[in-house]
Number of protein chains: 2
Amino acid sequence: MKRIAESTIRRLSLYLSFLEEIEARGVRTTSSDDLAKLGGTTSAQVRKDLSFFGSFGKRGLGYSVPELSSSLRKILGLGRQWRVCIIGAGKIGAALARYAGFAERGFIVSGVYDSDTSKIGTRWGNVTVRDEAQLERDIAVNNYQIAVLAVPADAAQKLVDRAVKAGIKGILSFAPLQLNVPSDVALRTVNMAMELESLTFALTNKGD
Amino acid sequence: MKRIAESTIRRLSLYLSFLEEIEARGVRTTSSDDLAKLGGTTSAQVRKDLSFFGSFGKRGLGYSVPELSSSLRKILGLGRQWRVCIIGAGKIGAALARYAGFAERGFIVSGVYDSDTSKIGTRWGNVTVRDEAQLERDIAVNNYQIAVLAVPADAAQKLVDRAVKAGIKGILSFAPLQLNVPSDVALRTVNMAMELESLTFALTNKGD
DNA sequence: TCTAACTTGTGAACTAATTCACAAGCAGAT
DNA sequence: ATCTGCTTGTGAATTAGTTCACAAGTTAGA
């Protein structure tokens with residue numbers, strides 16, 4: 001398959017959320033123009049994005065909502081369950097552990113890990129905080145594929161290395177630094193500082 | 001000024017975080033190659049990014065760490081304080097209200113807003129949860145420039161409209177949907193579903 | 001002073017992503 | 001059967017972003 005742009009994937013994810021919304025409202029058919037309006041893009045962009053993966057619509061008619069959403073779920077790898085662990089039981093880890101959005105999308109969070117002995121053993125929602133020392137063993141035993149990293153910057157790289165060595169293949173990091181992973185491990189980083197600074201840049205340079 | 005790519009701004013923010021780190025360790029001088037290695041990019045990219053804003057280095061020598069970090073702070077609009085409110089006192093709002101990173105960067109969070117009467121009046125760290133009904137008045141009185149939105153998808157657009165009408169100029173949203181704002185308001189969205197789905201896409205299509 | 005070793009800043013070349021524009025296909029009306 | 005109105009899918013054109021490659025500037029050492 002030709003290499004697909006990251007921006008295309010992010011838009012597919014957005015289209016899927018619209019499709020799910022209108023499907024719940026009983027809408028059966030939609031068009032590239034509808035999707036474009038909802039997603040703040042153009043109909044040509046929508047069609048081009050989809051065209052990398054096949055043809056899903058009918059000329060003159062548009063797209064079947066259930067068919068297209070099902071296709072997108074398959075493309076995005078959502079047709080299955082993903083086993084997820086959260087590393088770090090601080091504020092962000094706590095918010096994530098209780099985040100309902102995970103389960104809705106097929107992400108099963110079955111462990112939160114921390115090294116703070118006062119937290120280990122406590123229950124959060126329906127997961128228990130476990131000893132970070134057992135991370136490697138649990139990754140192997142529970143067959144976690146994805147780790148969500150919510151620890152301070154200075155602890156992050158070491159934990160990533162351990163998780164990768166133990167077999168983790170995807171990492172979503174909230175740590176405010178650049179992480180290094182082998183090329184066969186997928187990494188996405190959410191960096192609050194970066195988002196805020198791109199905002200302040202825009203506010204400061206408005207009108208240039 | 002020529003239009004600057006969003007990707008350039010995000011890298012500048014990354015470079016700044018490295019500069020601050022090595023400055024704290026006493027390093028006085030660095031090079032485009034150092035910054036590139038730390039940021040996972042190339043030295044040509046670093047120099048090109050900087051070149052949009054001026055020339056900050058000395059040929060043969062590199063960059064003065066304090067000078068460059070000061071220049072980047074100015075470019076990114078961090079040479080001043082920003083007044084921020086958090087809308088939504090749920091899990092994410094709670095994590096954000098206590099996030100130390102805000103103050104370090106000059107972001108002053110002085111209000112958290114929610115409509116849940118059982119939360120209104122409670123103190124979180126050093127801010128108090130206030131009644132969402134007072135949002136407009138407080139935006140005007142406290143002169144908030146940035147709103148961090150941490151509410152469910154179905155409440156988000158209405159609150160954005162209210163905040164914008166009351167004078168907010170920048171929004172960082174954690175709500176999982178596409179928001180509409182006038183073109184003079186800067187919007188950044190952190191969408192967990194999108195990040196996770198771009199991960200699962202990568203994991204599913206590995207090796208294509 | 002001259003040379004060697006570096007490193008920046010930047011046009012030019014290249015690569016990637018978006019937008020254009022239109023042929024082709026579908027459904028309903030006449 | 002044909003026409004009309006609509007919408008997809010996709011090469012081609014365009015625009016945006018990255019990488020190359022090198023002249024020019026700086027320091028240290030001979």
# chains A, B, ... in the order shown; residues from 1 in each chain; ligands from 1
call {"tool": "interface_residues", "arguments": {"of": "chain C", "to": "chain A", "cutoff": "12 Å", "atoms": "only C-alpha atoms (C1' of nucleotides)", "output": "list in words"}}
result
DA16, DA17, DT18, DT19, DC20, DA21, DA23, DA24, DG25, DC26, DA27 and DG28 of chain C
call {"tool": "write_last_selection", "arguments": {"atoms": "N, CA and C atoms (P, O5', C5', C4', C3', O3' and C1' of nucleotides)", "output": "short mmCIF file (atom, residue, chain, number, x, y, z; two decimals), in the first residue's frame"}}
result
data_model
loop_
_atom_site.label_atom_id
_atom_site.label_comp_id
_atom_site.auth_asym_id
_atom_site.auth_seq_id
_atom_site.Cartn_x
_atom_site.Cartn_y
_atom_site.Cartn_z
P DA C 16 7.75 12.05 -0.64
"O5'" DA C 16 6.67 13.06 -0.08
"C5'" DA C 16 6.96 13.90 1.03
"C4'" DA C 16 5.74 14.72 1.33
"C3'" DA C 16 4.44 13.92 1.33
"O3'" DA C 16 3.73 14.31 2.49
"C1'" DA C 16 4.26 15.77 -0.15
P DA C 17 2.29 13.71 2.85
"O5'" DA C 17 1.34 14.90 2.42
"C5'" DA C 17 1.52 16.18 3.00
"C4'" DA C 17 0.48 17.13 2.47
"C3'" DA C 17 -0.95 16.57 2.49
"O3'" DA C 17 -1.75 17.51 3.17
"C1'" DA C 17 -0.38 17.38 0.31
P DT C 18 -3.35 17.41 3.22
"O5'" DT C 18 -3.77 18.40 2.04
"C5'" DT C 18 -3.31 19.74 2.07
"C4'" DT C 18 -3.84 20.47 0.86
"C3'" DT C 18 -5.36 20.44 0.71
"O3'" DT C 18 -5.74 21.81 0.58
"C1'" DT C 18 -4.32 19.84 -1.33
P DT C 19 -7.29 22.24 0.53
"O5'" DT C 19 -7.51 22.45 -1.04
"C5'" DT C 19 -6.74 23.42 -1.72
"C4'" DT C 19 -7.02 23.31 -3.19
"C3'" DT C 19 -8.52 23.34 -3.55
"O3'" DT C 19 -8.67 24.45 -4.43
"C1'" DT C 19 -7.38 21.59 -4.70
P DC C 20 -10.06 24.77 -5.16
"O5'" DC C 20 -9.80 24.15 -6.61
"C5'" DC C 20 -8.55 24.39 -7.21
"C4'" DC C 20 -8.53 23.84 -8.64
"C3'" DC C 20 -9.83 24.00 -9.41
"O3'" DC C 20 -9.43 24.38 -10.72
"C1'" DC C 20 -9.21 21.71 -9.35
P DA C 21 -10.48 24.83 -11.83
"O5'" DA C 21 -10.86 23.47 -12.54
"C5'" DA C 21 -9.86 22.78 -13.30
"C4'" DA C 21 -10.52 21.59 -13.96
"C3'" DA C 21 -11.95 21.85 -14.41
"O3'" DA C 21 -12.22 20.97 -15.48
"C1'" DA C 21 -11.99 20.16 -12.85
P DA C 23 -15.25 16.09 -19.57
"O5'" DA C 23 -15.06 14.52 -19.84
"C5'" DA C 23 -13.79 13.90 -19.59
"C4'" DA C 23 -13.99 12.58 -18.87
"C3'" DA C 23 -15.11 11.72 -19.47
"O3'" DA C 23 -14.69 10.36 -19.35
"C1'" DA C 23 -15.62 12.21 -17.21
P DA C 24 -15.59 9.15 -19.87
"O5'" DA C 24 -16.33 8.60 -18.57
"C5'" DA C 24 -15.55 8.12 -17.47
"C4'" DA C 24 -16.49 7.63 -16.41
"C3'" DA C 24 -17.69 6.84 -16.94
"O3'" DA C 24 -17.89 5.73 -16.09
"C1'" DA C 24 -18.45 8.62 -15.60
P DG C 25 -18.94 4.57 -16.46
"O5'" DG C 25 -19.96 4.59 -15.24
"C5'" DG C 25 -19.46 4.59 -13.90
"C4'" DG C 25 -20.57 5.04 -12.99
"C3'" DG C 25 -21.91 4.32 -13.23
"O3'" DG C 25 -22.38 3.90 -11.97
"C1'" DG C 25 -22.22 6.65 -13.22
P DC C 26 -23.44 2.71 -11.83
"O5'" DC C 26 -24.68 3.47 -11.20
"C5'" DC C 26 -24.56 4.08 -9.91
"C4'" DC C 26 -25.69 5.05 -9.74
"C3'" DC C 26 -27.07 4.46 -10.04
"O3'" DC C 26 -27.79 4.38 -8.82
"C1'" DC C 26 -26.81 6.67 -10.91
P DA C 27 -29.27 3.70 -8.78
"O5'" DA C 27 -30.18 4.99 -8.89
"C5'" DA C 27 -30.06 6.01 -7.88
"C4'" DA C 27 -31.17 7.02 -8.07
"C3'" DA C 27 -32.56 6.41 -8.32
"O3'" DA C 27 -33.50 7.18 -7.60
"C1'" DA C 27 -31.96 7.77 -10.15
P DG C 28 -35.03 6.71 -7.43
"O5'" DG C 28 -35.84 8.00 -7.91
"C5'" DG C 28 -35.24 9.29 -7.84
"C4'" DG C 28 -35.89 10.21 -8.86
"C3'" DG C 28 -37.35 9.85 -9.20
"O3'" DG C 28 -38.08 11.06 -9.29
"C1'" DG C 28 -36.08 9.88 -11.17
#
call {"tool": "closest_atom_pairs", "arguments": {"of": "chain D", "to": "chain A", "cutoff": "8 Å", "atoms": "only C-alpha atoms (C1' of nucleotides)", "output": "JSON lines"}}
result
{"residue": "D:DC6", "atom": "C1'", "partner": "A:Gly60", "partner_atom": "CA", "distance": 4.9}
{"residue": "D:DT7", "atom": "C1'", "partner": "A:Gly60", "partner_atom": "CA", "distance": 3.9}
{"residue": "D:DT8", "atom": "C1'", "partner": "A:Arg59", "partner_atom": "CA", "distance": 4.2}
{"residue": "D:DG9", "atom": "C1'", "partner": "A:Ser51", "partner_atom": "CA", "distance": 7.1}
call {"tool": "write_last_selection", "arguments": {"atoms": "N, CA and C atoms (P, O5', C5', C4', C3', O3' and C1' of nucleotides)", "output": "short mmCIF file (atom, residue, chain, number, x, y, z; two decimals), in the first residue's frame"}}
result
data_model
loop_
_atom_site.label_atom_id
_atom_site.label_comp_id
_atom_site.auth_asym_id
_atom_site.auth_seq_id
_atom_site.Cartn_x
_atom_site.Cartn_y
_atom_site.Cartn_z
P DC D 6 -29.65 19.62 -8.58
"O5'" DC D 6 -28.74 18.45 -8.00
"C5'" DC D 6 -29.35 17.24 -7.60
"C4'" DC D 6 -28.32 16.14 -7.49
"C3'" DC D 6 -27.02 16.52 -6.78
"O3'" DC D 6 -26.94 15.74 -5.60
"C1'" DC D 6 -26.62 15.18 -8.70
P DT D 7 -25.90 16.06 -4.42
"O5'" DT D 7 -24.77 14.99 -4.73
"C5'" DT D 7 -25.07 13.60 -4.63
"C4'" DT D 7 -23.85 12.83 -5.05
"C3'" DT D 7 -22.54 13.36 -4.45
"O3'" DT D 7 -21.83 12.29 -3.88
"C1'" DT D 7 -22.34 13.10 -6.77
P DT D 8 -20.43 12.47 -3.16
"O5'" DT D 8 -19.62 11.34 -3.92
"C5'" DT D 8 -20.17 10.03 -4.00
"C4'" DT D 8 -19.49 9.30 -5.14
"C3'" DT D 8 -18.01 9.03 -4.91
"O3'" DT D 8 -17.76 7.64 -5.14
"C1'" DT D 8 -18.35 10.15 -6.99
P DG D 9 -16.46 6.94 -4.53
"O5'" DG D 9 -15.41 7.20 -5.71
"C5'" DG D 9 -15.59 6.52 -6.93
"C4'" DG D 9 -14.51 6.94 -7.91
"C3'" DG D 9 -13.09 6.88 -7.36
"O3'" DG D 9 -12.30 6.33 -8.41
"C1'" DG D 9 -13.52 9.04 -8.17
#
call {"tool": "closest_atom_pairs", "arguments": {"of": "chain A", "to": "chain B", "cutoff": "7 Å", "atoms": "only C-alpha atoms", "output": "Markdown table"}}
result
| residue | atom | partner | partner_atom | distance |
| --- | --- | --- | --- | --- |
| A:Met1 | CA | B:Asp208 | CA | 5.3 |
| A:Ile9 | CA | B:Ser198 | CA | 6.1 |
| A:Arg10 | CA | B:Met194 | CA | 5.8 |
| A:Ser13 | CA | B:Met194 | CA | 5.6 |
| A:Gly39 | CA | B:Gln178 | CA | 6.4 |
| A:Ile75 | CA | B:Phe201 | CA | 6.9 |
| A:Leu76 | CA | B:Phe201 | CA | 4.5 |
| A:Gly77 | CA | B:Phe201 | CA | 5.3 |
| A:Lys91 | CA | B:Ala95 | CA | 5.0 |
| A:Ile92 | CA | B:Ala95 | CA | 5.7 |
| A:Ala95 | CA | B:Lys91 | CA | 5.0 |
| A:Gly170 | CA | B:Leu199 | CA | 6.4 |
| A:Gln178 | CA | B:Gly39 | CA | 6.4 |
| A:Ala186 | CA | B:Leu199 | CA | 6.4 |
| A:Arg188 | CA | B:Glu195 | CA | 6.7 |
| A:Met194 | CA | B:Ser13 | CA | 5.6 |
| A:Glu195 | CA | B:Arg188 | CA | 6.7 |
| A:Glu197 | CA | B:Leu76 | CA | 6.0 |
| A:Ser198 | CA | B:Ile9 | CA | 6.1 |
| A:Leu199 | CA | B:Ala186 | CA | 6.3 |
| A:Thr200 | CA | B:Gly77 | CA | 5.3 |
| A:Phe201 | CA | B:Leu76 | CA | 4.5 |
| A:Ala202 | CA | B:Ala186 | CA | 6.5 |
| A:Leu203 | CA | B:Ala186 | CA | 6.9 |
| A:Thr204 | CA | B:Gly77 | CA | 5.5 |
| A:Asp208 | CA | B:Met1 | CA | 5.3 |
call {"tool": "atom_distance", "arguments": {"atom1": "CA of Ile168 (chain A)", "atom2": "CA of Asn126 (chain A)"}}
result
22.4 Å
call {"tool": "atom_distance", "arguments": {"atom1": "CA of Gln157 (chain A)", "atom2": "CA of Leu68 (chain B)"}}
result
25.9 Å
call {"tool": "atom_distance", "arguments": {"atom1": "CA of Asp138 (chain B)", "atom2": "CA of Val112 (chain B)"}}
result
10.7 Å
call {"tool": "decode", "arguments": {"residues": "region 154-179 of chain B", "atoms": "N, CA and C atoms", "output": "compact mmCIF listing (two decimals), in the first residue's frame"}}
result
# COMPACT_ATOMS: atom_id res chain seq x y z
N ASP B 154 -21.57 17.33 23.76
CA ASP B 154 -22.87 17.97 23.48
C ASP B 154 -23.00 19.37 24.12
N ALA B 155 -22.15 19.68 25.08
CA ALA B 155 -22.22 21.00 25.70
C ALA B 155 -21.20 21.97 25.10
N ALA B 156 -20.27 21.44 24.32
CA ALA B 156 -19.08 22.20 23.95
C ALA B 156 -19.36 23.42 23.06
N GLN B 157 -20.10 23.23 21.96
CA GLN B 157 -20.26 24.33 21.01
C GLN B 157 -20.97 25.53 21.65
N LYS B 158 -21.98 25.24 22.46
CA LYS B 158 -22.73 26.31 23.10
C LYS B 158 -21.82 27.13 24.02
N LEU B 159 -20.98 26.44 24.78
CA LEU B 159 -20.06 27.14 25.69
C LEU B 159 -19.01 27.93 24.92
N VAL B 160 -18.55 27.37 23.81
CA VAL B 160 -17.59 28.09 22.98
C VAL B 160 -18.21 29.38 22.46
N ASP B 161 -19.44 29.28 21.98
CA ASP B 161 -20.12 30.47 21.46
C ASP B 161 -20.22 31.54 22.54
N ARG B 162 -20.59 31.11 23.74
CA ARG B 162 -20.72 32.08 24.85
C ARG B 162 -19.36 32.70 25.17
N ALA B 163 -18.33 31.87 25.24
CA ALA B 163 -17.00 32.38 25.60
C ALA B 163 -16.49 33.35 24.54
N VAL B 164 -16.72 33.00 23.29
CA VAL B 164 -16.26 33.86 22.19
C VAL B 164 -17.00 35.19 22.21
N LYS B 165 -18.29 35.12 22.41
CA LYS B 165 -19.10 36.33 22.46
C LYS B 165 -18.63 37.25 23.59
N ALA B 166 -18.18 36.62 24.69
CA ALA B 166 -17.74 37.41 25.84
C ALA B 166 -16.31 37.94 25.68
N GLY B 167 -15.62 37.52 24.60
CA GLY B 167 -14.32 38.14 24.34
C GLY B 167 -13.11 37.23 24.35
N ILE B 168 -13.31 35.93 24.55
CA ILE B 168 -12.19 34.98 24.53
C ILE B 168 -11.57 34.94 23.14
N LYS B 169 -10.22 34.92 23.07
CA LYS B 169 -9.55 34.97 21.78
C LYS B 169 -8.81 33.67 21.42
N GLY B 170 -8.66 32.78 22.42
CA GLY B 170 -7.98 31.51 22.15
C GLY B 170 -8.64 30.40 22.93
N ILE B 171 -8.80 29.24 22.29
CA ILE B 171 -9.45 28.11 22.95
C ILE B 171 -8.63 26.85 22.74
N LEU B 172 -8.37 26.16 23.84
CA LEU B 172 -7.76 24.84 23.76
C LEU B 172 -8.82 23.85 24.19
N SER B 173 -9.29 23.04 23.24
CA SER B 173 -10.42 22.15 23.53
C SER B 173 -10.00 20.69 23.69
N PHE B 174 -10.57 20.05 24.69
CA PHE B 174 -10.39 18.62 24.88
C PHE B 174 -11.68 17.88 24.56
N ALA B 175 -12.66 18.60 24.02
CA ALA B 175 -13.93 17.96 23.70
C ALA B 175 -13.79 17.20 22.37
N PRO B 176 -14.33 15.98 22.31
CA PRO B 176 -14.11 15.14 21.13
C PRO B 176 -15.05 15.48 19.99
N LEU B 177 -14.96 16.69 19.48
CA LEU B 177 -15.73 17.06 18.29
C LEU B 177 -15.09 18.26 17.62
N GLN B 178 -15.56 18.54 16.41
CA GLN B 178 -15.08 19.68 15.63
C GLN B 178 -15.85 20.92 16.06
N LEU B 179 -15.16 21.94 16.51
CA LEU B 179 -15.84 23.17 16.95
C LEU B 179 -15.74 24.23 15.88
